[in-house]
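Undergrad: The structure follows.
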Amino acid sequence: MKFFVDTANLEEVKKAHKWGILDGVTTNPSLIAKEGVPYKQRVLEICDVVGPGKAVSAECVEADFDKMLAEAQDIASWHENIYVKVPMTPAGMEVITRLAPKGVRFNCTLIFSLPQALIACKAGASFISFFVGRVDDMGSAEAMQNIVDAVNMVKTYDFPQKPEILVASIRGPLQIVESIRAGAQIATVPYKTLEMLFHHPLTDIGIQRFTEDYEKALAALNSKNGASGNGASGNGASPKDAGQSIEEKAKVG
Ligand code: E4P
């Protein structure tokens, strides 16, 4: 499953990019508005940070077909990484139908039902952005079942553009687990949630235990070497002495 980070904050994009696990970035007008910078400028900054081959979604705000068409053409011309985001509306589908054959790649957003996903696939969208968090917020349990069904749908029907099901509006790690189980191709994840995915209490306990064991073993070696009068590593060597294993230290003694 590909990971996109769902943010327009450049520092968050930079941090997530450094981990080497990032496949793309999704922005939306609300996320851009929080940043207080011009839309195009921020999208181009994000493209520069993530580099070639990474998908960067930038959304149309026009609702009317003619205006959205012009806007989509403009946004697509900004950078080769761009996927133009259009909403699940008749005008949005018409824009995709018109421009996808000319090579513009689309992320169809604000999808909440299977028929909407089918329509977006048939129009030619590359990414089908299913919002799960906003459905969960309503106390409805159907969001993840929709993802399972949509993944099956793109497997069943051979859409020429090979659309990918993108799980959006993610609120926490459990939705990532469910997205993986559903076989979703992409999850777009807020930076804070992405960070949470690294953690497991047993990982923390394991690191602590390894460090303590290592320090104990090293202290024992140091005291043994000190007692034998050699002193080679009995002078306060740190367990973090670069490139020298416990075995190597033992040989010195
Ligand atoms: C997707 O591309 C959207 O930007 C995003 O996932 C929306 O999430 P929200 O429901 O947290 O606003």
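FYI, nothing fancy with the structure tokens labels: chains A, B, ... in order, residues from 1 per chain, ligands from 1 as they appear.
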Give me the residues of chain A that have any atom at most 9 Å from an atom of ligand 1; for each, the nearest atom pair and the distance in Å, rounded to one decimal. Use only C-alpha atoms and all ligand atoms, sort by chain and number, and format it as a Markdown table.
TA:
| residue | atom | partner | partner_atom_place_in_ligand_line | distance |
| --- | --- | --- | --- | --- |
| A:Asp6 | CA | ligand 1 | 4 (O) | 5.7 |
| A:Thr7 | CA | ligand 1 | 4 (O) | 7.3 |
| A:Val25 | CA | ligand 1 | 2 (O) | 8.5 |
| A:Thr26 | CA | ligand 1 | 2 (O) | 5.1 |
| A:Thr27 | CA | ligand 1 | 4 (O) | 5.4 |
| A:Asn28 | CA | ligand 1 | 4 (O) | 4.9 |
| A:Pro29 | CA | ligand 1 | 4 (O) | 8.2 |
| A:Ser30 | CA | ligand 1 | 12 (O) | 7.6 |
| A:Leu31 | CA | ligand 1 | 4 (O) | 7.2 |
| A:Ser57 | CA | ligand 1 | 2 (O) | 7.6 |
| A:Glu59 | CA | ligand 1 | 2 (O) | 8.9 |
| A:Lys85 | CA | ligand 1 | 2 (O) | 8.3 |
| A:Asn107 | CA | ligand 1 | 2 (O) | 8.4 |
| A:Thr109 | CA | ligand 1 | 2 (O) | 6.6 |
| A:Leu110 | CA | ligand 1 | 1 (C) | 7.7 |
| A:Ser129 | CA | ligand 1 | 2 (O) | 6.5 |
| A:Phe130 | CA | ligand 1 | 1 (C) | 8.1 |
| A:Phe131 | CA | ligand 1 | 6 (O) | 6.4 |
| A:Val132 | CA | ligand 1 | 10 (O) | 7.6 |
| A:Gly133 | CA | ligand 1 | 10 (O) | 5.7 |
| A:Arg134 | CA | ligand 1 | 10 (O) | 5.2 |
| A:Val135 | CA | ligand 1 | 10 (O) | 8.8 |
| A:Leu166 | CA | ligand 1 | 2 (O) | 8.4 |
| A:Val167 | CA | ligand 1 | 6 (O) | 7.6 |
| A:Ala168 | CA | ligand 1 | 6 (O) | 3.9 |
| A:Ser169 | CA | ligand 1 | 8 (O) | 3.3 |
| A:Ile170 | CA | ligand 1 | 6 (O) | 6.1 |
| A:Arg171 | CA | ligand 1 | 11 (O) | 6.8 |
| A:Ala187 | CA | ligand 1 | 6 (O) | 8.8 |
| A:Thr188 | CA | ligand 1 | 6 (O) | 6.2 |
| A:Val189 | CA | ligand 1 | 6 (O) | 7.1 |
| A:Pro190 | CA | ligand 1 | 6 (O) | 7.7 |
Undergrad: Please, could you write that set of residues out with N, CA and C atoms as a CSV table (one decimal), in the first residue's frame?
TA:
chain,number,residue,atom,x,y,z
A,6,ASP,N,-1.2,13.6,4.1
A,6,ASP,CA,-2.3,14.5,3.8
A,6,ASP,C,-2.1,15.8,4.5
A,7,THR,N,-1.3,16.7,3.9
A,7,THR,CA,-1.0,18.0,4.5
A,7,THR,C,-0.5,18.9,3.4
A,25,VAL,N,1.7,13.2,-1.9
A,25,VAL,CA,1.1,14.1,-0.9
A,25,VAL,C,-0.3,14.5,-1.5
A,26,THR,N,-1.2,14.6,-0.6
A,26,THR,CA,-2.5,15.2,-1.0
A,26,THR,C,-2.7,16.5,-0.2
A,27,THR,N,-3.2,17.5,-1.0
A,27,THR,CA,-3.5,18.8,-0.4
A,27,THR,C,-5.0,19.0,-0.7
A,28,ASN,N,-5.6,19.9,0.0
A,28,ASN,CA,-7.0,20.3,-0.3
A,28,ASN,C,-7.1,21.8,0.0
A,29,PRO,N,-8.1,22.5,-0.4
A,29,PRO,CA,-8.2,23.9,-0.1
A,29,PRO,C,-8.2,24.2,1.4
A,30,SER,N,-8.8,23.4,2.2
A,30,SER,CA,-8.8,23.6,3.6
A,30,SER,C,-7.4,23.5,4.2
A,31,LEU,N,-6.6,22.5,3.8
A,31,LEU,CA,-5.2,22.4,4.2
A,31,LEU,C,-4.4,23.5,3.8
A,57,SER,N,-1.3,15.8,-5.2
A,57,SER,CA,-2.6,16.2,-5.6
A,57,SER,C,-2.9,17.6,-5.3
A,59,GLU,N,-6.1,20.5,-5.8
A,59,GLU,CA,-7.6,20.5,-6.0
A,59,GLU,C,-8.1,21.7,-6.7
A,85,LYS,N,-7.1,17.3,-8.6
A,85,LYS,CA,-8.2,16.8,-7.8
A,85,LYS,C,-9.5,17.5,-8.2
A,107,ASN,N,-7.4,12.9,-9.5
A,107,ASN,CA,-7.7,12.3,-8.2
A,107,ASN,C,-9.2,12.7,-8.0
A,109,THR,N,-12.2,13.3,-5.8
A,109,THR,CA,-12.3,13.4,-4.3
A,109,THR,C,-13.7,13.5,-3.9
A,110,LEU,N,-13.9,13.4,-2.5
A,110,LEU,CA,-15.2,13.4,-1.9
A,110,LEU,C,-16.1,12.3,-2.3
A,129,SER,N,-10.7,8.8,-4.3
A,129,SER,CA,-10.5,9.2,-2.9
A,129,SER,C,-11.8,9.0,-2.1
A,130,PHE,N,-11.8,7.9,-1.4
A,130,PHE,CA,-12.9,7.5,-0.5
A,130,PHE,C,-12.6,8.1,0.9
A,131,PHE,N,-13.5,8.9,1.4
A,131,PHE,CA,-13.4,9.5,2.7
A,131,PHE,C,-14.0,8.6,3.8
A,132,VAL,N,-13.1,8.1,4.7
A,132,VAL,CA,-13.7,7.2,5.7
A,132,VAL,C,-14.0,7.9,7.0
A,133,GLY,N,-13.1,8.8,7.4
A,133,GLY,CA,-13.2,9.5,8.8
A,133,GLY,C,-14.5,10.2,8.9
A,134,ARG,N,-14.9,10.9,7.8
A,134,ARG,CA,-16.1,11.7,7.9
A,134,ARG,C,-17.4,10.9,8.0
A,135,VAL,N,-17.3,9.6,7.5
A,135,VAL,CA,-18.4,8.7,7.6
A,135,VAL,C,-18.4,8.1,9.0
A,166,LEU,N,-8.0,5.1,-3.0
A,166,LEU,CA,-7.2,5.9,-2.0
A,166,LEU,C,-8.1,6.1,-0.8
A,167,VAL,N,-7.6,5.6,0.3
A,167,VAL,CA,-8.4,5.8,1.6
A,167,VAL,C,-8.0,7.2,2.1
A,168,ALA,N,-9.0,8.1,2.2
A,168,ALA,CA,-8.8,9.5,2.7
A,168,ALA,C,-9.6,9.7,4.0
A,169,SER,N,-9.3,10.9,4.5
A,169,SER,CA,-10.0,11.3,5.7
A,169,SER,C,-9.7,10.3,6.8
A,170,ILE,N,-8.5,10.0,7.0
A,170,ILE,CA,-8.0,9.0,8.0
A,170,ILE,C,-7.8,9.7,9.4
A,171,ARG,N,-8.3,9.1,10.4
A,171,ARG,CA,-8.3,9.7,11.7
A,171,ARG,C,-7.3,9.1,12.7
A,187,ALA,N,-3.2,5.0,1.0
A,187,ALA,CA,-3.8,5.6,2.2
A,187,ALA,C,-3.2,7.0,2.3
A,188,THR,N,-4.0,8.0,2.4
A,188,THR,CA,-3.4,9.4,2.6
A,188,THR,C,-3.6,9.7,4.1
A,189,VAL,N,-2.5,10.0,4.8
A,189,VAL,CA,-2.5,10.0,6.2
A,189,VAL,C,-2.0,11.3,6.8
A,190,PRO,N,-2.7,11.9,7.7
A,190,PRO,CA,-2.2,13.1,8.4
A,190,PRO,C,-0.8,12.8,9.0
Undergrad: Give me the residues of segment 71-105 of chain A that have any atom at most 9 Å from an atom of segment 43-52 of chain A; for each, the nearest atom pair and the distance in Å, rounded to one decimal. Use only C-alpha atoms, sort by chain and number, and format it as a Markdown table.
TA:
| residue | atom | partner | partner_atom | distance |
| --- | --- | --- | --- | --- |
| A:Trp78 | CA | A:Leu44 | CA | 7.4 |
| A:His79 | CA | A:Leu44 | CA | 7.1 |
| A:Glu80 | CA | A:Pro52 | CA | 7.9 |
| A:Asn81 | CA | A:Cys47 | CA | 6.6 |
| A:Ile82 | CA | A:Cys47 | CA | 8.1 |
Undergrad: Apply DSSP to the structure's backbone, then extract all residues of segment 63-191 of chain A labelled strand (DSSP E or B) and return them as an MDAnalysis selection string.
TA: chainID A and resid 82:87 106:111 127:131 164:168 186:189
Undergrad: When DSSP works through the backbone of this structure, what residues of segment 164-193 of chain A end up as alpha helix (DSSP H), shown as a list in words?
TA: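 Those in segment 164-193 of chain A that DSSP calls alpha helix (DSSP H) are Pro173, Leu174, Gln175, Ile176, Val177, Glu178, Ser179, Ile180, Arg181, Ala182, Tyr191, Lys192 and Thr193 of chain A.
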Undergrad: Using only C-alpha atoms, pick whichever of A:Gln73, A:Thr203, A:Thr156, A:Ser140 has the shortest atom-to-atom distance to Arg98 of chain A.
TA: A:Gln73
Undergrad: If we count only C-alpha atoms, what is near Met144 of chain A at a cut-off of 9 Å, once residues fewer than 2 positions away on the same chain are taken out, given as a ChimeraX atom specification?
TA: /A:132,141-142,146-149,175,178-179,182
Undergrad: For atom CA of Tyr157 of chain A and atom CA of Gln145 of chain A, determine how far apart the two atoms are, in Å to one decimal place.
TA: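 Pair atom CA of Tyr157 of chain A / atom CA of Gln145 of chain A returns 18.3 Å.
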Undergrad: If I take atom CA of Arg105 of chain A and atom CA of Ala76 of chain A, how far is one from the other in Å, to one decimal?
TA: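 Going from atom CA of Arg105 of chain A over to atom CA of Ala76 of chain A covers 7.9 Å.
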Undergrad: Do you have the atom CA of Leu69 of chain A-atom CA of Thr97 of chain A distance handy?
TA: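 Pair atom CA of Leu69 of chain A / atom CA of Thr97 of chain A returns 10.4 Å.
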Undergrad: Residues within 8 Å of Pro163 of chain A, please, as a ChimeraX atom specification. Count only C-alpha atoms; anything in the same chain fewer than 3 positions from it doesn't count.
TA: /A:121,124-128,154,159
Undergrad: Please determine, counting only C-alpha atoms, which residue among A:Glu94, A:Glu195, A:Glu215, A:Asp204 has the shortest atom-to-atom distance to Ala120 of chain A.
TA: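 Residue with the minimum atom-to-atom distance to Ala120 of chain A: A:Glu94.
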